[in-house]
file coords_29.txt (compact mmCIF, C-alpha atoms)
# COMPACT_ATOMS: atom_id res chain seq x y z
CA MET D 3 95.52 74.93 85.92
CA LYS D 4 97.82 77.67 84.68
CA PRO D 5 101.55 77.19 85.30
CA ARG D 6 102.80 79.15 88.30
CA SER D 7 105.96 81.23 88.01
CA LEU D 8 108.74 81.47 90.56
CA PHE D 9 107.42 84.72 92.06
CA ARG D 10 104.11 83.03 92.85
CA THR D 11 105.87 80.10 94.49
CA ALA D 12 107.66 82.56 96.77
CA ALA D 13 104.49 84.48 97.51
CA LEU D 14 102.63 81.31 98.33
CA ALA D 15 105.38 80.22 100.66
CA THR D 16 105.07 83.52 102.46
CA ALA D 17 101.32 83.08 102.72
CA LEU D 18 101.80 79.59 104.15
CA SER D 19 104.18 80.78 106.85
CA LEU D 20 101.91 83.70 107.80
CA SER D 21 98.60 81.91 107.74
CA LEU D 22 99.33 78.45 109.12
CA THR D 23 101.14 79.55 112.28
CA GLY D 24 99.72 77.47 115.12
CA CYS D 25 97.80 75.12 112.79
CA LEU D 26 98.36 71.41 112.47
CA ALA D 27 100.06 70.19 109.31
CA GLY D 28 97.57 69.28 106.63
CA GLU D 29 94.85 71.67 107.88
CA ASN D 30 93.47 74.71 106.08
CA ALA D 31 93.69 78.05 107.89
CA SER D 32 90.45 80.00 107.71
CA THR D 33 90.43 83.71 106.91
CA SER D 34 87.51 86.15 107.17
CA ALA D 35 86.75 85.52 103.49
CA GLY D 36 88.11 82.34 102.02
CA THR D 37 90.79 79.95 103.22
CA VAL D 38 94.50 79.43 102.80
CA ALA D 39 95.17 75.92 101.52
CA THR D 40 98.08 73.71 102.50
CA ASP D 41 99.98 74.82 99.37
CA GLY D 42 99.73 78.44 100.55
CA ALA D 43 97.27 79.62 97.88
CA THR D 44 94.27 81.62 98.97
CA GLN D 45 91.12 79.73 98.08
CA GLY D 46 87.68 81.29 97.77
CA GLY D 47 86.44 84.62 99.01
CA THR D 48 86.37 88.02 97.32
CA LEU D 49 88.97 90.55 96.23
CA ASN D 50 87.46 93.99 96.76
CA ILE D 51 89.39 96.47 94.63
CA ASP D 52 88.64 99.95 93.35
CA PHE D 53 88.74 101.55 89.95
CA ALA D 54 88.89 105.29 89.37
CA THR D 55 88.99 107.62 86.41
CA TYR D 56 92.08 109.24 87.96
CA ASN D 57 93.82 105.86 87.88
CA PRO D 58 93.99 104.76 84.23
CA LEU D 59 95.76 101.49 85.02
CA SER D 60 92.79 100.37 87.10
CA LEU D 61 90.50 100.97 84.12
CA ILE D 62 92.68 98.83 81.86
CA ILE D 63 92.81 95.94 84.33
CA LYS D 64 89.06 96.02 84.81
CA GLU D 65 88.35 96.27 81.08
CA GLN D 66 90.72 93.44 80.20
CA GLY D 67 89.43 91.12 82.93
CA TRP D 68 92.93 90.04 83.93
CA LEU D 69 92.25 89.64 87.64
CA GLU D 70 89.11 87.61 87.01
CA ASP D 71 91.08 85.29 84.71
CA GLU D 72 94.05 84.92 87.06
CA LEU D 73 92.04 84.32 90.22
CA ALA D 74 89.47 81.96 88.72
CA ASP D 75 91.54 78.87 89.59
CA GLN D 76 91.51 79.99 93.23
CA ASP D 77 87.72 80.48 93.16
CA ILE D 78 88.17 84.15 94.10
CA THR D 79 85.50 86.63 93.03
CA VAL D 80 86.66 90.11 91.96
CA ASN D 81 84.42 92.92 93.17
CA TRP D 82 85.14 96.28 91.54
CA VAL D 83 84.14 99.41 93.47
CA GLN D 84 84.41 102.86 91.90
CA SER D 85 86.22 105.55 93.90
CA ALA D 86 85.02 109.10 93.21
CA GLY D 87 88.11 110.58 94.85
CA SER D 88 91.04 109.80 97.12
CA ASN D 89 88.95 110.63 100.17
CA LYS D 90 86.34 108.05 99.18
CA ALA D 91 89.01 105.42 98.52
CA ASN D 92 90.51 106.12 101.95
CA GLU D 93 87.12 105.83 103.61
CA ALA D 94 86.52 102.47 101.93
CA LEU D 95 89.99 101.18 102.86
CA ARG D 96 89.58 102.20 106.50
CA ALA D 97 86.12 100.61 106.67
CA GLY D 98 87.38 97.37 105.09
CA ALA D 99 85.00 97.81 102.17
CA ILE D 100 87.92 97.42 99.75
CA ASP D 101 91.25 95.64 100.06
CA VAL D 102 93.06 97.76 97.48
CA GLY D 103 92.39 101.38 96.61
CA SER D 104 93.73 104.27 94.52
CA THR D 105 94.66 107.61 96.06
CA ALA D 106 97.00 110.51 95.60
CA GLY D 107 100.16 110.26 97.67
CA SER D 108 99.09 113.17 99.85
CA ALA D 109 95.84 111.43 100.73
CA ALA D 110 97.64 108.19 101.56
CA LEU D 111 99.98 110.07 103.89
CA LEU D 112 97.06 111.84 105.56
CA ALA D 113 95.23 108.56 106.12
CA ARG D 114 98.28 106.75 107.49
CA SER D 115 99.13 109.71 109.74
CA ASN D 116 95.66 109.49 111.26
CA GLY D 117 95.88 105.78 111.97
CA SER D 118 94.54 104.10 108.85
CA PRO D 119 96.35 100.74 108.54
CA ILE D 120 97.36 100.98 104.87
CA LYS D 121 100.51 100.43 102.86
CA ALA D 122 101.43 101.93 99.49
CA ILE D 123 102.32 98.93 97.33
CA ASP D 124 102.67 100.44 93.83
CA ILE D 125 103.04 103.86 92.20
CA TYR D 126 100.63 103.87 89.28
CA SER D 127 101.43 107.30 87.82
CA GLN D 128 103.05 110.70 88.18
CA PRO D 129 100.21 112.95 87.04
CA GLU D 130 99.61 116.63 86.64
CA TRP D 131 96.03 116.05 87.64
CA ALA D 132 95.29 119.10 89.78
CA ALA D 133 95.20 122.83 89.03
CA LEU D 134 93.23 125.91 90.02
CA VAL D 135 90.34 126.68 87.71
CA ALA D 136 88.15 129.75 87.11
CA LEU D 137 85.71 130.88 84.47
CA PRO D 138 86.72 133.41 81.81
CA GLY D 139 85.85 136.94 82.80
CA SER D 140 85.98 136.13 86.52
CA GLY D 141 88.87 138.50 87.12
CA ILE D 142 90.83 135.68 88.76
CA GLU D 143 94.18 135.35 87.06
CA SER D 144 96.50 134.49 89.95
CA VAL D 145 96.43 132.88 93.37
CA GLU D 146 96.58 136.33 94.96
CA ASP D 147 93.24 137.11 93.32
CA LEU D 148 91.60 134.42 95.47
CA ARG D 149 91.57 136.63 98.59
CA GLY D 150 87.97 137.00 99.71
CA LYS D 151 86.80 134.40 97.17
CA SER D 152 85.05 131.03 97.54
CA ILE D 153 86.83 127.93 96.23
CA ALA D 154 85.48 124.42 95.78
CA ALA D 155 87.83 121.60 96.77
CA THR D 156 87.49 118.02 97.95
CA LYS D 157 89.15 117.76 101.36
CA GLY D 158 91.48 114.80 101.78
CA THR D 159 92.47 114.74 98.09
CA ASP D 160 95.36 116.03 96.03
CA PRO D 161 93.46 119.05 94.63
CA TYR D 162 92.76 120.20 98.20
CA PHE D 163 96.42 119.93 99.15
CA PHE D 164 97.33 121.53 95.83
CA LEU D 165 95.18 124.48 96.87
CA LEU D 166 96.84 124.72 100.28
CA GLN D 167 100.30 124.74 98.72
CA ALA D 168 99.27 127.28 96.10
CA LEU D 169 97.90 129.62 98.77
CA GLU D 170 101.03 129.25 100.88
CA SER D 171 103.31 129.94 97.90
CA ALA D 172 101.43 133.18 97.19
CA GLY D 173 101.31 134.33 100.80
CA VAL D 174 97.54 133.97 101.01
CA ASP D 175 96.33 132.67 104.38
CA LEU D 176 93.68 129.96 104.41
CA SER D 177 91.53 132.27 106.55
CA GLU D 178 91.44 134.76 103.67
CA VAL D 179 89.44 132.40 101.44
CA GLU D 180 86.30 130.33 101.82
CA VAL D 181 86.79 126.65 100.96
CA GLN D 182 83.63 124.73 100.12
CA ASN D 183 84.13 121.00 100.61
CA LEU D 184 82.55 119.47 97.52
CA GLN D 185 83.26 116.21 95.73
CA HIS D 186 85.18 116.76 92.47
CA ALA D 187 82.22 116.61 90.07
CA ASP D 188 80.13 118.80 92.37
CA GLY D 189 82.96 121.32 92.50
CA ARG D 190 82.96 121.61 88.75
CA ALA D 191 79.19 122.08 88.74
CA ALA D 192 79.45 124.75 91.44
CA LEU D 193 82.01 126.64 89.36
CA ALA D 194 79.90 126.42 86.22
CA SER D 195 76.81 127.71 88.05
CA GLY D 196 78.65 130.55 89.77
CA ALA D 197 78.11 129.09 93.25
CA VAL D 198 81.88 129.37 93.80
CA ASP D 199 84.49 131.68 92.32
CA ALA D 200 87.15 129.04 91.68
CA TRP D 201 87.69 125.31 91.85
CA SER D 202 90.71 123.18 92.66
CA GLY D 203 90.09 120.64 89.94
CA LEU D 204 90.98 117.04 89.17
CA ASP D 205 91.36 115.33 85.80
CA PRO D 206 89.58 114.06 83.81
CA ILE D 207 86.74 116.27 85.10
CA MET D 208 89.06 119.28 84.93
CA ALA D 209 90.00 118.61 81.31
CA SER D 210 86.33 118.41 80.42
CA ALA D 211 85.69 121.76 82.13
CA GLU D 212 88.65 123.22 80.27
CA GLN D 213 87.16 122.12 76.96
CA ASP D 214 83.94 123.89 77.95
CA GLY D 215 85.86 127.14 78.40
CA ALA D 216 87.12 127.07 81.98
CA GLU D 217 90.67 128.35 82.46
CA LEU D 218 93.48 126.74 84.44
CA PHE D 219 94.87 129.92 85.95
CA PHE D 220 97.46 128.26 88.21
CA ARG D 221 99.45 125.11 87.48
CA ASN D 222 102.48 123.59 89.19
CA ILE D 223 103.32 119.94 88.58
CA ASP D 224 105.51 119.89 91.71
CA PHE D 225 102.40 120.42 93.84
CA ASN D 226 100.85 117.22 92.44
CA THR D 227 101.76 114.07 94.35
CA TYR D 228 102.11 110.65 92.77
CA GLY D 229 99.30 108.15 92.25
CA PHE D 230 99.47 105.55 95.05
CA LEU D 231 97.98 102.07 95.00
CA ASN D 232 97.25 101.20 98.63
CA ALA D 233 96.26 98.01 100.40
CA THR D 234 95.11 97.29 103.92
CA GLU D 235 97.66 95.67 106.21
CA ALA D 236 95.16 92.87 106.96
CA PHE D 237 94.85 92.02 103.27
CA LEU D 238 98.63 91.99 102.78
CA ALA D 239 99.13 89.73 105.81
CA GLU D 240 96.31 87.32 105.06
CA LYS D 241 96.47 87.13 101.24
CA PRO D 242 99.97 88.00 100.02
CA ASP D 243 99.58 85.80 96.96
CA VAL D 244 96.47 87.71 95.86
CA ALA D 245 98.21 91.03 96.56
CA GLN D 246 101.08 89.91 94.33
CA THR D 247 98.65 89.06 91.55
CA VAL D 248 97.17 92.57 91.81
CA VAL D 249 100.59 94.21 91.49
CA ASN D 250 101.50 91.91 88.61
CA ALA D 251 98.33 93.05 86.84
CA TYR D 252 99.20 96.69 87.50
CA GLU D 253 102.63 96.29 85.98
CA LYS D 254 101.15 94.50 82.98
CA ALA D 255 98.69 97.38 82.61
CA ARG D 256 101.54 99.89 82.75
CA GLU D 257 103.29 98.11 79.86
CA TRP D 258 100.02 97.93 77.93
CA ALA D 259 99.21 101.62 78.49
CA LYS D 260 102.66 102.77 77.40
CA ALA D 261 102.34 100.69 74.23
CA ASN D 262 98.72 101.71 73.60
CA PRO D 263 98.16 105.33 74.70
CA GLU D 264 95.24 105.99 72.35
CA GLU D 265 93.49 102.79 73.41
CA THR D 266 94.06 103.75 77.05
CA ALA D 267 92.50 107.15 76.36
CA ALA D 268 89.53 105.43 74.69
CA ILE D 269 88.94 103.31 77.80
CA LEU D 270 89.08 106.43 79.97
CA ALA D 271 86.68 108.27 77.66
CA ASP D 272 84.20 105.40 77.85
CA VAL D 273 84.30 104.99 81.63
CA ALA D 274 84.33 108.70 82.42
CA GLY D 275 81.80 109.58 79.73
CA ILE D 276 84.02 112.28 78.25
CA ASP D 277 85.12 113.28 74.77
CA PRO D 278 87.99 111.13 73.42
CA ALA D 279 90.02 114.30 72.78
CA ILE D 280 89.76 115.21 76.46
CA ALA D 281 90.79 111.72 77.50
CA SER D 282 93.78 111.86 75.16
CA ALA D 283 94.89 115.15 76.72
CA VAL D 284 94.71 113.61 80.17
CA ILE D 285 96.58 110.42 79.27
CA ILE D 286 99.13 111.73 76.79
CA ASP D 287 99.77 115.28 77.99
CA ARG D 288 99.16 115.20 81.74
CA THR D 289 99.92 111.67 82.93
CA ASN D 290 103.38 110.11 83.21
CA LEU D 291 103.04 106.34 83.51
CA ASP D 292 106.73 105.73 82.84
CA VAL D 293 107.77 105.98 86.50
CA ASP D 294 109.50 103.67 88.92
CA PRO D 295 106.57 101.74 90.41
CA ALA D 296 108.37 100.99 93.69
CA PRO D 297 107.22 103.42 96.41
CA GLY D 298 110.24 105.01 98.06
CA ASP D 299 112.56 108.00 98.12
CA ALA D 300 111.00 109.97 95.25
CA GLN D 301 107.58 109.89 96.86
CA ARG D 302 108.94 110.53 100.34
CA ALA D 303 110.68 113.68 99.11
CA VAL D 304 107.37 115.07 97.85
CA LEU D 305 105.39 114.07 100.93
CA GLU D 306 107.94 115.52 103.33
CA LYS D 307 107.06 118.95 101.91
CA ILE D 308 103.33 118.40 102.33
CA GLY D 309 103.37 116.82 105.79
CA PRO D 310 103.89 120.05 107.77
CA VAL D 311 100.94 121.61 105.93
CA PHE D 312 98.69 118.93 107.45
CA VAL D 313 99.80 119.97 110.92
CA GLU D 314 99.39 123.69 110.20
CA THR D 315 95.81 123.18 108.98
CA GLY D 316 94.89 120.80 111.81
CA ASP D 317 94.37 117.81 109.53
CA VAL D 318 97.01 115.96 111.59
CA ALA D 319 97.60 116.72 115.28
CA GLU D 320 101.39 116.43 115.47
CA GLN D 321 104.41 116.25 113.18
CA SER D 322 105.46 113.01 114.89
CA GLN D 323 102.41 111.34 113.32
CA ILE D 324 103.62 112.47 109.89
CA ASP D 325 107.12 111.17 110.58
CA ASP D 326 105.82 107.80 111.74
CA ALA D 327 103.60 107.53 108.67
CA LEU D 328 106.49 108.29 106.32
CA ASP D 329 108.52 105.57 108.02
CA THR D 330 105.78 102.94 107.69
CA LEU D 331 103.71 103.80 104.60
CA PHE D 332 105.81 102.28 101.82
CA ASP D 333 106.03 98.58 100.94
CA ASP D 334 108.03 97.93 97.77
CA SER D 335 108.28 94.15 98.18
CA LEU D 336 105.47 93.27 95.76
CA VAL D 337 106.77 95.56 93.03
CA LYS D 338 110.25 94.09 93.39
CA SER D 339 108.76 90.62 92.91
CA ALA D 340 106.37 91.65 90.16
CA ASP D 341 106.12 89.55 87.01
CA PRO D 342 103.81 91.17 84.43
CA ALA D 343 104.27 88.16 82.14
CA ALA D 344 102.54 85.99 84.74
CA ILE D 345 99.26 87.68 83.82
CA ALA D 346 97.81 85.86 80.82
CA ALA D 347 96.87 87.99 77.82
CA SER D 348 93.17 88.38 77.13
CA SER D 349 91.78 85.93 74.65

call {"tool": "encode", "arguments": {"input": "coords_29.txt", "output": "C-alpha cells"}}
result
Amino acid sequence: MKPRSLFRTAALATALSLSLTGCLAGENASTSAGTVATDGATQGGTLNIDFATYNPLSLIIKEQGWLEDELADQDITVNWVQSAGSNKANEALRAGAIDVGSTAGSAALLARSNGSPIKAIDIYSQPEWAALVALPGSGIESVEDLRGKSIAATKGTDPYFFLLQALESAGVDLSEVEVQNLQHADGRAALASGAVDAWSGLDPIMASAEQDGAELFFRNIDFNTYGFLNATEAFLAEKPDVAQTVVNAYEKAREWAKANPEETAAILADVAGIDPAIASAVIIDRTNLDVDPAPGDAQRAVLEKIGPVFVETGDVAEQSQIDDALDTLFDDSLVKSADPAAIAASS
C-alpha cells in the first residue's frame, strides 16, 4: 500500500461521515458503484472521467496513467470518455455517464442554470480557444460583415457564446445572421466546403484550420471563459476521496505541463491528430495554464457578463436562475486541499 498523506486522511474522514450516516459501526456502506469501507476509502467501482483536446491537463493525466496507479489499491477502474465539446461533456454529466467532465465556464453556467447538478471543482486553464473564422477572399473582415451570412457554431459551448458576445459588441442582432448548430469539427468542414460563410471555432481544430489558410478575423480573449473541471454533486457526496485524487492529479498535471510545454504539445498533437507546430501554438501561444485553480471571483466576474446573454437568447428562462447558479456552481474545497506530490510519478 502507498503511504497516505494528511489531505487524504481528511478526505477519507469526510467520506466516512457522509457515507456511514445511519449505518452500524463496522459495516460497509454501499454506493451505486463500489462501497465505502470502514476507514472511509471508496472501494471498487468505476471512475468515469472525460478527456478532451481542449483540456490539455486531461490528456497528460490519461497519458501518464496517474489515476490508474493511484486508484489501483482501492480496486477502482478508470474509464476515460472523450468529450467532443462542452455541450457533450454537459450531456454526459447530466446523464450520469461521467462523474467528472471538462467544459468552458460559460457552458458550466448554462448547465447549472438549467438544473444540472454539477459543481466546478478546478480551473484547468485560461485559454484563448475561440475566435471567428472565415476563408480568405470571403469578404468577411469584421463582425459587421456577418449580417445576412451563415455561421457554424456549437450551441452550449464557448465558441457559441463567443459569437453571441461578438455580435452584441458590433450591434449585429442574432436575427440578422443564420447560425447552423454543428459540432466543432463539422463546423470546420462546413467552412472549408463553403456550406457556411464563417465559423466560430475552437482550438486545436481552429489552429489546424488556420494553418490550412483560414483567417481568424475577430479575436477577443475577454470573450473566452475559463476551462472548468466539473463533477456531479452525487459523485462529490458519495466519493470525496476519489474526487480529491482527481484534483490532485490535475494539479500535478499543471506543474508537469508548465515544466514541459513541448512535451504537452506533443501529447496534444498525438491525441488530436494534428501537426506538432499547431499543437505548440495552441499550448504555448493560446493557453494560460498558470492560473489560480480555485474557482471563484475571477470566474464569476466573467460569467456575470455572459449570464444576461443566456436570458436574452432564451437559453435560460430567467435571470434568477443565473444568479442561483453563480451562487452554487463553485466548490474550491478540493483545490484548497490539493497535494500534487501525493500522486506518484510514473515509473

call {"tool": "atom_distance", "arguments": {"input": "coords_29.txt", "atom1": "CA of Ala110 (chain D)", "atom2": "CA of Asp341 (chain D)"}}
result
25.1 Å

call {"tool": "residues_near_point", "arguments": {"input": "coords_29.txt", "point": "(96.1, 105.3, 78.1)", "cutoff": "8 Å", "atoms": "all atoms listed in the file", "output": "ChimeraX atom specification"}}
result
/D:58-59,259-260,262-270,282,285-286

call {"tool": "write_last_selection", "arguments": {"input": "coords_29.txt", "atoms": "C-alpha atoms", "output": "PDB file, in the coordinates of the input"}}
result
ATOM      1  CA  PRO D  58      93.990 104.760  84.230  1.00  0.00           C
ATOM      2  CA  LEU D  59      95.760 101.490  85.020  1.00  0.00           C
ATOM      3  CA  ALA D 259      99.210 101.620  78.490  1.00  0.00           C
ATOM      4  CA  LYS D 260     102.660 102.770  77.400  1.00  0.00           C
ATOM      5  CA  ASN D 262      98.720 101.710  73.600  1.00  0.00           C
ATOM      6  CA  PRO D 263      98.160 105.330  74.700  1.00  0.00           C
ATOM      7  CA  GLU D 264      95.240 105.990  72.350  1.00  0.00           C
ATOM      8  CA  GLU D 265      93.490 102.790  73.410  1.00  0.00           C
ATOM      9  CA  THR D 266      94.060 103.750  77.050  1.00  0.00           C
ATOM     10  CA  ALA D 267      92.500 107.150  76.360  1.00  0.00           C
ATOM     11  CA  ALA D 268      89.530 105.430  74.690  1.00  0.00           C
ATOM     12  CA  ILE D 269      88.940 103.310  77.800  1.00  0.00           C
ATOM     13  CA  LEU D 270      89.080 106.430  79.970  1.00  0.00           C
ATOM     14  CA  SER D 282      93.780 111.860  75.160  1.00  0.00           C
ATOM     15  CA  ILE D 285      96.580 110.420  79.270  1.00  0.00           C
ATOM     16  CA  ILE D 286      99.130 111.730  76.790  1.00  0.00           C
TER      17      ILE D 286
END

call {"tool": "residues_near_point", "arguments": {"input": "coords_29.txt", "point": "(86.2, 98.0, 95.8)", "cutoff": "8 Å", "atoms": "all atoms listed in the file", "output": "list of chain:residue names"}}
result
D:Leu49, D:Asn50, D:Ile51, D:Asp52, D:Phe53, D:Asn81, D:Trp82, D:Val83, D:Gln84, D:Ser85, D:Ala94, D:Ala99, D:Ile100, D:Asp101, D:Val102, D:Gly103

call {"tool": "atom_distance", "arguments": {"input": "coords_29.txt", "atom1": "CA of Asp317 (chain D)", "atom2": "CA of Asp160 (chain D)"}}
result
13.7 Å

call {"tool": "closest_residue", "arguments": {"input": "coords_29.txt", "among": "D:Thr105, D:Ser152, D:Ser127, D:Ser144", "to": "Glu180 (chain D)", "atoms": "all atoms listed in the file"}}
result
D:Ser152

call {"tool": "closest_residue", "arguments": {"input": "coords_29.txt", "among": "D:Gln185, D:Gln45, D:Ser140, D:Asn290", "to": "Ala155 (chain D)", "atoms": "all atoms listed in the file"}}
result
D:Gln185

call {"tool": "closest_residue", "arguments": {"input": "coords_29.txt", "among": "D:Leu111, D:Leu95, D:Ala343, D:Ile123", "to": "Asp326 (chain D)", "atoms": "only C-alpha atoms"}}
result
D:Leu111

call {"tool": "atom_distance", "arguments": {"input": "coords_29.txt", "atom1": "CA of Ser177 (chain D)", "atom2": "CA of Gly150 (chain D)"}}
result
9.0 Å

call {"tool": "closest_residue", "arguments": {"input": "coords_29.txt", "among": "D:Ala86, D:Val293, D:Val273, D:Ala122", "to": "Ile62 (chain D)", "atoms": "only C-alpha atoms"}}
result
D:Val273

call {"tool": "closest_residue", "arguments": {"input": "coords_29.txt", "among": "D:Ala132, D:Ala109, D:Val311, D:Ala194", "to": "Leu166 (chain D)", "atoms": "all atoms listed in the file"}}
result
D:Val311

call {"tool": "residues_around", "arguments": {"input": "coords_29.txt", "residues": "region 198-201 of chain D", "least_positions_apart": "3", "cutoff": "8 Å", "atoms": "all atoms listed in the file", "output": "list in words"}}
result
Leu134, Val135, Ala136, Leu137, Ser140, Leu148, Lys151, Ser152, Ile153, Ala154, Ala155, Gly189, Arg190, Ala192, Leu193 and Ser195 of chain D

call {"tool": "residues_around", "arguments": {"input": "coords_29.txt", "residues": "region 224-230 of chain D", "least_positions_apart": "6", "cutoff": "6 Å", "atoms": "all atoms listed in the file", "output": "MDAnalysis selection string"}}
result
chainID D and resid 104:107 125:128 130 164

call {"tool": "residues_around", "arguments": {"input": "coords_29.txt", "residues": "Leu169 (chain D)", "least_positions_apart": "2", "cutoff": "10 Å", "atoms": "all atoms listed in the file", "output": "PDB file with C-alpha atoms, in the frame of the given file"}}
result
ATOM      1  CA  VAL D 145      96.430 132.880  93.370  1.00  0.00           C
ATOM      2  CA  GLU D 146      96.580 136.330  94.960  1.00  0.00           C
ATOM      3  CA  LEU D 148      91.600 134.420  95.470  1.00  0.00           C
ATOM      4  CA  ARG D 149      91.570 136.630  98.590  1.00  0.00           C
ATOM      5  CA  PHE D 163      96.420 119.930  99.150  1.00  0.00           C
ATOM      6  CA  PHE D 164      97.330 121.530  95.830  1.00  0.00           C
ATOM      7  CA  LEU D 165      95.180 124.480  96.870  1.00  0.00           C
ATOM      8  CA  LEU D 166      96.840 124.720 100.280  1.00  0.00           C
ATOM      9  CA  GLN D 167     100.300 124.740  98.720  1.00  0.00           C
ATOM     10  CA  SER D 171     103.310 129.940  97.900  1.00  0.00           C
ATOM     11  CA  ALA D 172     101.430 133.180  97.190  1.00  0.00           C
ATOM     12  CA  GLY D 173     101.310 134.330 100.800  1.00  0.00           C
ATOM     13  CA  VAL D 174      97.540 133.970 101.010  1.00  0.00           C
ATOM     14  CA  ASP D 175      96.330 132.670 104.380  1.00  0.00           C
ATOM     15  CA  LEU D 176      93.680 129.960 104.410  1.00  0.00           C
ATOM     16  CA  GLU D 178      91.440 134.760 103.670  1.00  0.00           C
ATOM     17  CA  VAL D 179      89.440 132.400 101.440  1.00  0.00           C
TER      18      VAL D 179
END

call {"tool": "closest_residue", "arguments": {"input": "coords_29.txt", "among": "D:Glu320, D:Asp124, D:Asp292, D:Glu217", "to": "Glu143 (chain D)", "atoms": "only C-alpha atoms"}}
result
D:Glu217

call {"tool": "build_atoms", "arguments": {"input": "coords_29.txt", "residues": "region 162-168 of chain D", "atoms": "all heavy atoms", "output": "mmCIF file, in the frame of the given file"}}
result
data_model
loop_
_atom_site.group_PDB
_atom_site.id
_atom_site.type_symbol
_atom_site.label_atom_id
_atom_site.label_comp_id
_atom_site.auth_asym_id
_atom_site.auth_seq_id
_atom_site.Cartn_x
_atom_site.Cartn_y
_atom_site.Cartn_z
ATOM 1 N N TYR D 162 92.859 119.404 96.971
ATOM 2 C CA TYR D 162 92.760 120.200 98.200
ATOM 3 C C TYR D 162 94.160 120.592 98.689
ATOM 4 O O TYR D 162 94.417 121.752 99.030
ATOM 5 C CB TYR D 162 92.024 119.415 99.281
ATOM 6 C CG TYR D 162 91.983 120.109 100.630
ATOM 7 C CD1 TYR D 162 91.276 121.298 100.793
ATOM 8 C CD2 TYR D 162 92.643 119.570 101.727
ATOM 9 C CE1 TYR D 162 91.234 121.938 102.029
ATOM 10 C CE2 TYR D 162 92.609 120.196 102.961
ATOM 11 C CZ TYR D 162 91.905 121.378 103.112
ATOM 12 O OH TYR D 162 91.870 122.010 104.332
ATOM 13 N N PHE D 163 95.062 119.624 98.689
ATOM 14 C CA PHE D 163 96.420 119.930 99.150
ATOM 15 C C PHE D 163 97.172 120.768 98.125
ATOM 16 O O PHE D 163 98.057 121.552 98.483
ATOM 17 C CB PHE D 163 97.160 118.624 99.476
ATOM 18 C CG PHE D 163 96.452 117.821 100.526
ATOM 19 C CD1 PHE D 163 96.018 116.535 100.279
ATOM 20 C CD2 PHE D 163 96.172 118.380 101.762
ATOM 21 C CE1 PHE D 163 95.337 115.811 101.233
ATOM 22 C CE2 PHE D 163 95.492 117.664 102.735
ATOM 23 C CZ PHE D 163 95.074 116.370 102.469
ATOM 24 N N PHE D 164 96.796 120.633 96.857
ATOM 25 C CA PHE D 164 97.330 121.530 95.830
ATOM 26 C C PHE D 164 96.926 122.962 96.149
ATOM 27 O O PHE D 164 97.741 123.888 96.076
ATOM 28 C CB PHE D 164 96.800 121.116 94.452
ATOM 29 C CG PHE D 164 97.345 121.925 93.308
ATOM 30 C CD1 PHE D 164 98.440 121.486 92.588
ATOM 31 C CD2 PHE D 164 96.769 123.136 92.953
ATOM 32 C CE1 PHE D 164 98.959 122.232 91.531
ATOM 33 C CE2 PHE D 164 97.269 123.897 91.898
ATOM 34 C CZ PHE D 164 98.368 123.443 91.195
ATOM 35 N N LEU D 165 95.672 123.151 96.513
ATOM 36 C CA LEU D 165 95.180 124.480 96.870
ATOM 37 C C LEU D 165 95.938 125.051 98.058
ATOM 38 O O LEU D 165 96.360 126.219 98.043
ATOM 39 C CB LEU D 165 93.685 124.415 97.180
ATOM 40 C CG LEU D 165 93.058 125.682 97.773
ATOM 41 C CD1 LEU D 165 93.140 126.846 96.800
ATOM 42 C CD2 LEU D 165 91.604 125.407 98.179
ATOM 43 N N LEU D 166 96.136 124.242 99.095
ATOM 44 C CA LEU D 166 96.840 124.720 100.280
ATOM 45 C C LEU D 166 98.267 125.171 99.934
ATOM 46 O O LEU D 166 98.734 126.220 100.403
ATOM 47 C CB LEU D 166 96.885 123.630 101.346
ATOM 48 C CG LEU D 166 95.549 123.178 101.943
ATOM 49 C CD1 LEU D 166 95.791 122.138 103.028
ATOM 50 C CD2 LEU D 166 94.748 124.349 102.478
ATOM 51 N N GLN D 167 98.940 124.376 99.106
ATOM 52 C CA GLN D 167 100.300 124.740 98.720
ATOM 53 C C GLN D 167 100.322 125.992 97.854
ATOM 54 O O GLN D 167 101.210 126.846 97.989
ATOM 55 C CB GLN D 167 100.952 123.574 97.956
ATOM 56 C CG GLN D 167 101.205 122.333 98.805
ATOM 57 C CD GLN D 167 101.749 121.200 97.965
ATOM 58 O OE1 GLN D 167 102.962 121.072 97.782
ATOM 59 N NE2 GLN D 167 100.873 120.373 97.428
ATOM 60 N N ALA D 168 99.334 126.100 96.963
ATOM 61 C CA ALA D 168 99.270 127.280 96.100
ATOM 62 C C ALA D 168 99.056 128.544 96.939
ATOM 63 O O ALA D 168 99.705 129.583 96.705
ATOM 64 C CB ALA D 168 98.143 127.118 95.087
#
